[in-house]
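Peer 1: A single structure is presented below for examination.
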Amino acid sequence: MSRHVVLIEDEPNIAEAIRFLLTRDKWQVDVHGDGADAVDVIRAADPDLVILDLMLPGKSGLEVIAELRAVAGLQALPVLMLTARGQLKDREMAERAGVTRFMTKPFSNAEVLTAVRDLHAQAGQLDPARADSGQVPS
Amino acid sequence: MGRDTLTGSRIRDRRMILGIRQAELARQAGISASYLNLIEHNRRRIGGKLLVDLAQVLGVEPSMLTEGAEAALIAALREAAADSGTPVAELDRTDEFAGRFPGWAEVLASNHQRISRLERTVETLSDRLTHDPHLAASLHEVLSTAAAIRSTASILAETGELEAEWRDRFHKNLNEDSLRLAESSRALVNFLDESDTSAERRGVPQEEVEAFFLAHGFHFPDLESDQQTPQALVAEAPQLVSDAARLIAKSALEQYQSDARQMPLTEMAKEITTYGPEPSALARRFHTSLPVVLRRLGVLPPDILGQEAGLVICDASGSILFRKPVTGFALPRFGASCPLWPVYTALQRPDMPLRRNVVQQGRSVLGFECLAVAWTHVAASFDHDPQYHAVMLILPRREVSQDAQPVGASCRICPRQACEARREPSILKEEF
């Protein structure tokens, strides 16, 4: 399966850490720090997975996900949402908006890595058409 | 039993609690046992030195034995009974209870006061935690920085072979983020710790403006006498930190000055002393409108108005533009208020004054008389609709009127779960 992720995160040091982590795990990582044109960036990149911060400049993560889910072909794209707001209502709102998984800050690298791998594996089972040369994750 | 005849009973009860014989107490107080007996059976009134001597021997403050202290205690007990929400069968024997068991009565009354204080604290904190944009931003900053540090530190600690370039970059990030965390944590602690009057604690312009008005007791004598201008007052106000706050405060002071010119303080004091604070009558006497009268009454010093008063001014969206708090009537600091407030009813029919008795649930059950009216703030023209503002004067009343309408502060901290006007769930339980 291809391993391409778009990371929408305005906090540069968090973005850098996640990028490093996923690159080491053989992911191609595109980083973008603004919510305003996030959907355009995701559409253009056509990734296997999106990691999306909730509180972004330009447009919130919830607005981004709502727009994303309205785009044909992106309804099932796995989205891992990262947020400092961990209340039940925030989680419910995110799930209603179409987020696949929700993770509260501060998180561990292992949690992020596990979540990304799980979501990718689940998406692969649901959509074998996205499978590629069969490269096995380390 | 009348409260003025209970001093003797309290002396007797206190003596018996201490296990002192009547003759002994009489001796120590320098009176005869038979005279003390008459006093204890409420057949002789006492005061002055004898009261002080007896109180000293009994180890209590003289006020514990006097009528004045008991009146306050009885009022507190009645308030506790009313707030309990369940009918108290022995309400008519409150005087007797306070007289016979002053210690227990004090415990009950002070616990009730403590509960009321805690309720207010919960409301304030809840309000701030859920709606305060400054606090939300501070918490987000702390958590985001913590997330960055945790991820970076984890990479440094857990990645075996790390290229020098990456290692140096992560060390630099860690250093930056740790500094940021220290700063944001300190700012957050300061924000939570600082008192209501601290300038740094306030995050939104309205709070700065409110602090400014509170510092002046909502009264500006120099503005009343035209010896000061709104601009000069704003310029020298330490509470007004932001440009937005200074702008809002200046506008509010200009309104204040305009109202004061129409209704000068000395003439108002004279009219109120003679005729009372009836808004319609005052409007006629001063040849002015009801909104001016209500705004003016709302900011009068209590010694001139004869009582405390609260004031709320809102625009047509319902947003509060100006608020003067009054004891017992909760005004939310952020977000929308209770849609049942008469000020919002007034907005629906401009220029029609209305008077409503209300009771605010969830706190000490106090009655309030609210006088509200909406007025044309910006006149209509052929191409523009009129803009309305509304004002509500809030006057505390000792008793809750029979026809009092229940209202809240804001949905989030209102315990009336079944309210038809509810916008969002409350964090409080019905019985809170």
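Labeling convention for the structure tokens: chains A, B, ... as they appear, residues from 1 per chain, ligands from 1 in order of appearance.
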Which chain A residues have any atom within 9 Å of an atom of chain B, and for each, what is the nearest pair of atoms with distance in Å to one decimal, counting only C-alpha atoms, rows sorted by chain and number, as CSV?
Peer 2:
residue,atom,partner,partner_atom,distance
A:Glu11,CA,B:Ser144,CA,7.6
A:Pro12,CA,B:Ala148,CA,8.7
A:Asn13,CA,B:Ala148,CA,5.8
A:Ile14,CA,B:Ala148,CA,4.5
A:Ala15,CA,B:Ala148,CA,8.3
A:Glu16,CA,B:Thr152,CA,8.6
A:Ala17,CA,B:Thr152,CA,5.7
A:Ile18,CA,B:Ser151,CA,7.5
A:Phe20,CA,B:Ile155,CA,8.5
A:Leu21,CA,B:Ile155,CA,7.6
A:Met55,CA,B:His140,CA,8.7
A:Thr83,CA,B:Ser144,CA,8.2
A:Ala84,CA,B:His140,CA,5.8
A:Arg85,CA,B:His140,CA,7.5
A:Lys105,CA,B:Ala147,CA,5.5
A:Pro106,CA,B:Ala147,CA,3.9
A:Phe107,CA,B:Ala147,CA,6.1
A:Ser108,CA,B:Ser151,CA,6.2
A:Asn109,CA,B:Ser151,CA,5.7
Peer 1: In terms of the shortest atom-to-atom distance over only C-alpha atoms, which of A:Leu119, A:Met81, A:Leu88, A:Met103 is closest to A:Ile51?
Peer 2: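 Using only C-alpha atoms, the shortest distance to A:Ile51 belongs to A:Met81.
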Peer 1: Please, which residues of chain A, numbered as in this document, come out helix (DSSP H, G or I) from DSSP, as a PyMOL selection string?
Peer 2: chain A and resi 12-24+38-45+61-69+88-97+109-126+128-130
Peer 1: As an exercise, work out the distance from atom CA of B:Gly276 to atom CA of B:Gln307 in Å and give it to one decimal place.
Peer 2: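 Between atom CA of B:Gly276 and atom CA of B:Gln307 the gap is 11.3 Å.
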Peer 1: Quick one: of B:Gln22, B:Ser258, B:Ser185, B:Ser110, who's nearest to B:Asn37, counting only C-alpha atoms?
Peer 2: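 Once distances to B:Asn37 are computed over only C-alpha atoms, the minimum belongs to B:Gln22.
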Peer 1: Please provide the set of residues having any atom within 8 Å of B:Ala29, restricted to only C-alpha atoms, with same-chain residues fewer than 3 positions apart removed, written as a PyMOL selection string.
Peer 2: chain B and resi 25-26+50+53-54+57
Peer 1: For atom CA of A:Val116 and atom CA of A:Asp40, determine how far apart the two atoms are, in Å to one decimal place.
Peer 2: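 About the pair atom CA of A:Val116 and atom CA of A:Asp40: they are 21.7 Å apart.
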Peer 1: Could you tell me how far atom CA of B:Leu125 sits from atom CA of B:Ala252, in Å to one decimal place?
Peer 2: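 For atom CA of B:Ala252 relative to atom CA of B:Leu125, the distance reads 27.4 Å.
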Peer 1: When DSSP is applied to the backbone of this structure, which of chain A are assigned strand (DSSP E or B)? Write them out as a PyMOL selection string.
Peer 2: chain A and resi 4-8+28-32+49-53+79-83+101-104
Peer 1: What does the file look like for those residues with N, CA and C atoms, as a PDB file, in the first residue's frame?
Peer 2:
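Heads up, here's the output in out.pdb:
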ATOM      1  N   HIS A   4       1.151   7.705   2.108  1.00  0.00           N
ATOM      2  CA  HIS A   4       1.230   9.147   1.882  1.00  0.00           C
ATOM      3  C   HIS A   4       0.269   9.851   2.848  1.00  0.00           C
ATOM      4  N   VAL A   5       0.789  10.750   3.660  1.00  0.00           N
ATOM      5  CA  VAL A   5      -0.046  11.444   4.640  1.00  0.00           C
ATOM      6  C   VAL A   5       0.083  12.955   4.463  1.00  0.00           C
ATOM      7  N   VAL A   6      -1.030  13.639   4.612  1.00  0.00           N
ATOM      8  CA  VAL A   6      -1.000  15.106   4.675  1.00  0.00           C
ATOM      9  C   VAL A   6      -1.221  15.509   6.120  1.00  0.00           C
ATOM     10  N   LEU A   7      -0.311  16.296   6.634  1.00  0.00           N
ATOM     11  CA  LEU A   7      -0.409  16.758   8.025  1.00  0.00           C
ATOM     12  C   LEU A   7      -0.779  18.238   8.033  1.00  0.00           C
ATOM     13  N   ILE A   8      -1.961  18.554   8.564  1.00  0.00           N
ATOM     14  CA  ILE A   8      -2.392  19.961   8.655  1.00  0.00           C
ATOM     15  C   ILE A   8      -2.221  20.377  10.117  1.00  0.00           C
ATOM     16  N   GLN A  28       5.425   9.180   3.179  1.00  0.00           N
ATOM     17  CA  GLN A  28       5.672  10.471   2.526  1.00  0.00           C
ATOM     18  C   GLN A  28       4.779  11.470   3.252  1.00  0.00           C
ATOM     19  N   VAL A  29       5.385  12.526   3.802  1.00  0.00           N
ATOM     20  CA  VAL A  29       4.612  13.466   4.637  1.00  0.00           C
ATOM     21  C   VAL A  29       4.601  14.855   3.997  1.00  0.00           C
ATOM     22  N   ASP A  30       3.397  15.364   3.722  1.00  0.00           N
ATOM     23  CA  ASP A  30       3.254  16.759   3.289  1.00  0.00           C
ATOM     24  C   ASP A  30       2.707  17.554   4.464  1.00  0.00           C
ATOM     25  N   VAL A  31       3.374  18.646   4.809  1.00  0.00           N
ATOM     26  CA  VAL A  31       2.935  19.453   5.954  1.00  0.00           C
ATOM     27  C   VAL A  31       2.344  20.763   5.459  1.00  0.00           C
ATOM     28  N   HIS A  32       1.219  21.136   6.063  1.00  0.00           N
ATOM     29  CA  HIS A  32       0.589  22.408   5.716  1.00  0.00           C
ATOM     30  C   HIS A  32       0.066  23.035   7.018  1.00  0.00           C
ATOM     31  N   LEU A  49      -4.057   9.239   3.966  1.00  0.00           N
ATOM     32  CA  LEU A  49      -4.498   9.570   5.322  1.00  0.00           C
ATOM     33  C   LEU A  49      -4.231  11.045   5.616  1.00  0.00           C
ATOM     34  N   VAL A  50      -5.051  11.618   6.455  1.00  0.00           N
ATOM     35  CA  VAL A  50      -4.856  13.019   6.839  1.00  0.00           C
ATOM     36  C   VAL A  50      -4.735  13.107   8.359  1.00  0.00           C
ATOM     37  N   ILE A  51      -3.773  13.883   8.819  1.00  0.00           N
ATOM     38  CA  ILE A  51      -3.700  14.219  10.246  1.00  0.00           C
ATOM     39  C   ILE A  51      -4.053  15.705  10.335  1.00  0.00           C
ATOM     40  N   LEU A  52      -5.061  15.997  11.123  1.00  0.00           N
ATOM     41  CA  LEU A  52      -5.652  17.340  11.097  1.00  0.00           C
ATOM     42  C   LEU A  52      -5.729  17.914  12.512  1.00  0.00           C
ATOM     43  N   ASP A  53      -5.173  19.092  12.691  1.00  0.00           N
ATOM     44  CA  ASP A  53      -5.290  19.784  13.984  1.00  0.00           C
ATOM     45  C   ASP A  53      -6.681  20.423  14.052  1.00  0.00           C
ATOM     46  N   VAL A  79      -9.148  10.249   8.617  1.00  0.00           N
ATOM     47  CA  VAL A  79      -8.688  11.517   9.188  1.00  0.00           C
ATOM     48  C   VAL A  79      -8.455  11.328  10.689  1.00  0.00           C
ATOM     49  N   LEU A  80      -7.233  11.572  11.106  1.00  0.00           N
ATOM     50  CA  LEU A  80      -6.890  11.537  12.534  1.00  0.00           C
ATOM     51  C   LEU A  80      -6.859  12.983  13.022  1.00  0.00           C
ATOM     52  N   MET A  81      -7.728  13.293  13.965  1.00  0.00           N
ATOM     53  CA  MET A  81      -7.774  14.677  14.455  1.00  0.00           C
ATOM     54  C   MET A  81      -6.972  14.821  15.744  1.00  0.00           C
ATOM     55  N   LEU A  82      -6.123  15.849  15.800  1.00  0.00           N
ATOM     56  CA  LEU A  82      -5.326  16.152  16.991  1.00  0.00           C
ATOM     57  C   LEU A  82      -5.889  17.422  17.622  1.00  0.00           C
ATOM     58  N   THR A  83      -6.071  17.404  18.912  1.00  0.00           N
ATOM     59  CA  THR A  83      -6.603  18.608  19.547  1.00  0.00           C
ATOM     60  C   THR A  83      -6.234  18.703  21.015  1.00  0.00           C
ATOM     61  N   ARG A 101     -10.641   9.202  13.705  1.00  0.00           N
ATOM     62  CA  ARG A 101     -10.124   8.984  15.055  1.00  0.00           C
ATOM     63  C   ARG A 101      -9.723  10.323  15.670  1.00  0.00           C
ATOM     64  N   PHE A 102      -9.791  10.370  16.995  1.00  0.00           N
ATOM     65  CA  PHE A 102      -9.624  11.616  17.743  1.00  0.00           C
ATOM     66  C   PHE A 102      -8.504  11.405  18.745  1.00  0.00           C
ATOM     67  N   MET A 103      -7.567  12.326  18.812  1.00  0.00           N
ATOM     68  CA  MET A 103      -6.449  12.167  19.759  1.00  0.00           C
ATOM     69  C   MET A 103      -6.160  13.494  20.444  1.00  0.00           C
ATOM     70  N   THR A 104      -6.079  13.447  21.781  1.00  0.00           N
ATOM     71  CA  THR A 104      -5.886  14.707  22.503  1.00  0.00           C
ATOM     72  C   THR A 104      -4.418  14.971  22.810  1.00  0.00           C
TER      73      THR A 104
END
